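See structure below.
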Amino acid sequence: MSETLKVIEHHQSMRNYTGRLLTEEEVSNLQDAMLQTSTSCFLQDVTVIRVTDREKLEVIAKCAGGQEHIANCAEFWMFCIDYTKLQKSVALPPSKIPFKLLYSGLNDVALACQNVLTAAESMGLGGVIIGGYKKQIDVVSDLLKVPYGILPALGLCLGVPDENFREEQKPRLPKRWFFSENEYQDPFDENELAQYDEKMAEYYKNRQHQAREDMNWTKASKAMLSGKNDGGLLVRYIKEQGFILENE
């Protein structure tokens with residue numbers, strides 16, 4: 001197995017770090033990994049805001065529901081969809097950013113963020129992707145002085161992992177649930193789901209940190225999906241930043 005595959009297969013989100021800051025060489029290598037990420041139609045529509053101000057990180061952590069690893073990580077990068085470069089270079093109308101560019105921009109941001117995280121893990125670092133700040137995205141936007149035409153889409157915490165907090169990998173659903181050939185094939189199987197929920201219940205119960213009794217994948221997913229729907233704020237913010245969500 002290649003070293004790259006080993007890194008990918010051993011991935012797990014890391015939220016606790018030793019406190020060592022990244023060297024400038026490490027940061028530069030991660031920036032290079034981001035630059036070489038695939039980008040839709042070669043629009044290069046991703047900008048990263050590297051947040052090093054600890055007071056700002058404290059605010060983002062609170063906006064994300066008290067996620068202290070945001071305040072305590074060695075590096076926090078905010079990945080943004082950015083069409084200001086195109087507005088200035090090819091006269092993209094500043095008041096109309098078509099939905100197709102929002103769609104492709106979200107793809108590009110996700111690819112760039114994952115590329116950086118994988119590169120970081122290959123360097124012995126660890127991290128976790130952040131999205132919870134979107135509940136107060138207007139506050140975060142003001143904090144980072146995000147102009148019109150830019151959308152903060154994903155955050156990424158990075159640092160040297162504290163190995164005392166490394167857990168077993170979370171079990172995944174059966175492989176066949178993720179792959180179809182030639183056409184969509186419904187993989188759902190009640191027995192397989194029950195077996196998977198048993199594995200997840202054991203995982204949650206046996207975690208060294210933040211163990212959870214009487215919890216499995218189905219229950220955790222229901223709890224997540226039953227939360228308050230704050231999509232209205234996000235839709236309003238996206239429109240205010242110049243992105244069109246419908247024929248307007």
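Letters A, B, ... mark the chains of the structure tokens in the order given; residue numbers begin at 1 per chain; ligand numbers begin at 1, in order shown.
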Can you list, as a VMD selection string, every protein, DNA or RNA residue that comes within 9 Å of Ser141 of chain A when you count only C-alpha atoms, leaving out same-chain residues fewer than 6 positions away?
-> chain A and resid 147 151 to 152
Report the closest atom pair, with its distance in Å rounded to one decimal, for each residue of segment 139-195 of chain A that has an atom no farther than 7 Å from segment 115-129 of chain A; count only C-alpha atoms, sort by chain and then rising residue number, and write it as a tab-separated table.
residue	atom	partner	partner_atom	distance
A:Leu154	CA	A:Ile129	CA	7.0
A:Gly155	CA	A:Ile129	CA	5.8
A:Leu156	CA	A:Ile129	CA	4.5
A:Cys157	CA	A:Gly127	CA	5.1
A:Leu158	CA	A:Gly127	CA	4.3
A:Gly159	CA	A:Gly126	CA	5.7
A:Val160	CA	A:Leu125	CA	4.7
A:Pro161	CA	A:Gly126	CA	5.5
Give me the residues within 8 Å of Val48 of chain A as a ChimeraX atom specification, counting only C-alpha atoms and dropping any in the same chain fewer than 5 places off.
-> /A:77-80
Requested write-out: N, CA, C and O atoms of the selected residues, as an mmCIF file, in the first residue's frame:
data_model
loop_
_atom_site.group_PDB
_atom_site.id
_atom_site.type_symbol
_atom_site.label_atom_id
_atom_site.label_comp_id
_atom_site.auth_asym_id
_atom_site.auth_seq_id
_atom_site.Cartn_x
_atom_site.Cartn_y
_atom_site.Cartn_z
ATOM 1 N N TRP A 77 -7.562 28.020 9.268
ATOM 2 C CA TRP A 77 -7.721 28.545 7.913
ATOM 3 C C TRP A 77 -9.186 28.584 7.553
ATOM 4 O O TRP A 77 -9.898 27.597 7.725
ATOM 5 N N MET A 78 -9.642 29.721 7.045
ATOM 6 C CA MET A 78 -11.006 29.851 6.548
ATOM 7 C C MET A 78 -10.964 29.802 5.021
ATOM 8 O O MET A 78 -10.350 30.653 4.369
ATOM 9 N N PHE A 79 -11.600 28.778 4.461
ATOM 10 C CA PHE A 79 -11.639 28.601 3.014
ATOM 11 C C PHE A 79 -12.875 29.315 2.463
ATOM 12 O O PHE A 79 -14.006 29.030 2.884
ATOM 13 N N CYS A 80 -12.647 30.220 1.525
ATOM 14 C CA CYS A 80 -13.721 31.054 1.002
ATOM 15 C C CYS A 80 -13.871 30.886 -0.506
ATOM 16 O O CYS A 80 -12.873 30.768 -1.231
#
Residues at most 9 Å from Glu68 of chain A, counting only C-alpha atoms, excluding those fewer than 5 positions away in the same chain, as a JSON list (two decimals) with N, CA, C and O atoms, in the first residue's frame?
[["chain", "number", "residue", "atom", "x", "y", "z"],
["A", 15, "ARG", "N", -8.92, 17.06, 17.46],
["A", 15, "ARG", "CA", -9.34, 18.34, 18.05],
["A", 15, "ARG", "C", -8.45, 18.78, 19.22],
["A", 15, "ARG", "O", -8.70, 19.83, 19.81],
["A", 58, "GLU", "N", -11.11, 33.20, 19.31],
["A", 58, "GLU", "CA", -12.04, 33.03, 20.43],
["A", 58, "GLU", "C", -13.47, 33.35, 19.98],
["A", 58, "GLU", "O", -14.42, 32.65, 20.34],
["A", 61, "ALA", "N", -14.75, 30.59, 17.72],
["A", 61, "ALA", "CA", -15.07, 29.42, 18.54],
["A", 61, "ALA", "C", -16.44, 29.56, 19.19],
["A", 61, "ALA", "O", -17.24, 28.62, 19.22],
["A", 62, "LYS", "N", -16.75, 30.75, 19.69],
["A", 62, "LYS", "CA", -18.06, 30.99, 20.31],
["A", 62, "LYS", "C", -19.17, 30.94, 19.25],
["A", 62, "LYS", "O", -20.24, 30.38, 19.51],
["A", 73, "CYS", "N", -6.15, 25.70, 18.45],
["A", 73, "CYS", "CA", -5.37, 25.04, 17.40],
["A", 73, "CYS", "C", -4.14, 25.89, 17.03],
["A", 73, "CYS", "O", -4.09, 27.09, 17.31]]
Can you write out as a tab-separated table which residues of segment 167-199 of chain A fall within 9 Å of segment 216-226 of chain A, alongside each residue's closest atom pair and its distance in Å to one decimal, counting only C-alpha atoms and ordering rows by chain and ascending residue number?
residue	atom	partner	partner_atom	distance
A:Leu193	CA	A:Thr218	CA	8.6
A:Tyr196	CA	A:Trp217	CA	7.8
A:Asp197	CA	A:Asn216	CA	5.1
A:Glu198	CA	A:Asn216	CA	7.0
A:Lys199	CA	A:Asn216	CA	7.9
In segment 99-166 of chain A, DSSP helix (DSSP H, G or I) residues written as a count of residues only = 39
For Lys239 of chain A, find every residue with an atom within 10 Å (counting only C-alpha atoms), except residues of its own chain fewer than 4 positions away, and show them as a PDB file with N, CA, C and O atoms, in the first residue's frame.
ATOM      1  N   SER A  95     -22.781  42.420  -9.381  1.00  0.00           N
ATOM      2  CA  SER A  95     -24.072  42.253  -8.722  1.00  0.00           C
ATOM      3  C   SER A  95     -24.737  40.928  -9.052  1.00  0.00           C
ATOM      4  O   SER A  95     -25.789  40.612  -8.517  1.00  0.00           O
ATOM      5  N   LYS A  96     -24.119  40.138  -9.941  1.00  0.00           N
ATOM      6  CA  LYS A  96     -24.755  38.892 -10.356  1.00  0.00           C
ATOM      7  C   LYS A  96     -23.715  37.771 -10.422  1.00  0.00           C
ATOM      8  O   LYS A  96     -22.926  37.705 -11.369  1.00  0.00           O
ATOM      9  N   ILE A  97     -23.707  36.914  -9.404  1.00  0.00           N
ATOM     10  CA  ILE A  97     -22.844  35.739  -9.403  1.00  0.00           C
ATOM     11  C   ILE A  97     -23.756  34.538  -9.594  1.00  0.00           C
ATOM     12  O   ILE A  97     -24.492  34.160  -8.684  1.00  0.00           O
ATOM     13  N   GLY A 149     -18.895  39.433  -2.676  1.00  0.00           N
ATOM     14  CA  GLY A 149     -18.348  38.526  -3.671  1.00  0.00           C
ATOM     15  C   GLY A 149     -17.538  37.383  -3.102  1.00  0.00           C
ATOM     16  O   GLY A 149     -17.005  36.562  -3.850  1.00  0.00           O
ATOM     17  N   LEU A 234     -28.585  31.779   6.526  1.00  0.00           N
ATOM     18  CA  LEU A 234     -27.536  31.453   5.560  1.00  0.00           C
ATOM     19  C   LEU A 234     -27.932  31.861   4.149  1.00  0.00           C
ATOM     20  O   LEU A 234     -27.125  32.419   3.401  1.00  0.00           O
ATOM     21  N   VAL A 235     -29.187  31.601   3.790  1.00  0.00           N
ATOM     22  CA  VAL A 235     -29.667  31.980   2.459  1.00  0.00           C
ATOM     23  C   VAL A 235     -29.600  33.494   2.295  1.00  0.00           C
ATOM     24  O   VAL A 235     -29.147  34.000   1.257  1.00  0.00           O
ATOM     25  N   PHE A 243     -24.531  36.223  -4.493  1.00  0.00           N
ATOM     26  CA  PHE A 243     -24.783  34.969  -5.175  1.00  0.00           C
ATOM     27  C   PHE A 243     -26.286  34.789  -5.450  1.00  0.00           C
ATOM     28  O   PHE A 243     -27.124  35.026  -4.583  1.00  0.00           O
ATOM     29  N   ILE A 244     -26.595  34.348  -6.656  1.00  0.00           N
ATOM     30  CA  ILE A 244     -27.981  34.128  -7.057  1.00  0.00           C
ATOM     31  C   ILE A 244     -28.345  32.673  -6.794  1.00  0.00           C
ATOM     32  O   ILE A 244     -27.654  31.750  -7.229  1.00  0.00           O
ATOM     33  N   LEU A 245     -29.450  32.457  -6.080  1.00  0.00           N
ATOM     34  CA  LEU A 245     -29.884  31.095  -5.769  1.00  0.00           C
ATOM     35  C   LEU A 245     -31.017  30.629  -6.660  1.00  0.00           C
ATOM     36  O   LEU A 245     -31.416  29.480  -6.620  1.00  0.00           O
TER      37      LEU A 245
END
Could you pull the residues within 10 Å of segment 35-37 of chain A, counting only C-alpha atoms, minus those fewer than 5 positions along the same chain, as a VMD selection string?
-> chain A and resid 29 to 30 44 46 to 47 108 to 109 111 to 116
Using only C-alpha atoms, which residue out of A:Leu173, A:Ile81, A:Gln67, A:Val7 lies closest to Ala194 of chain A?
-> A:Leu173
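Among the candidates A:Lys145, A:Lys135, A:Lys88, A:Arg20, the one nearest to Gly231 of chain A when counting only C-alpha atoms is A:Lys135.
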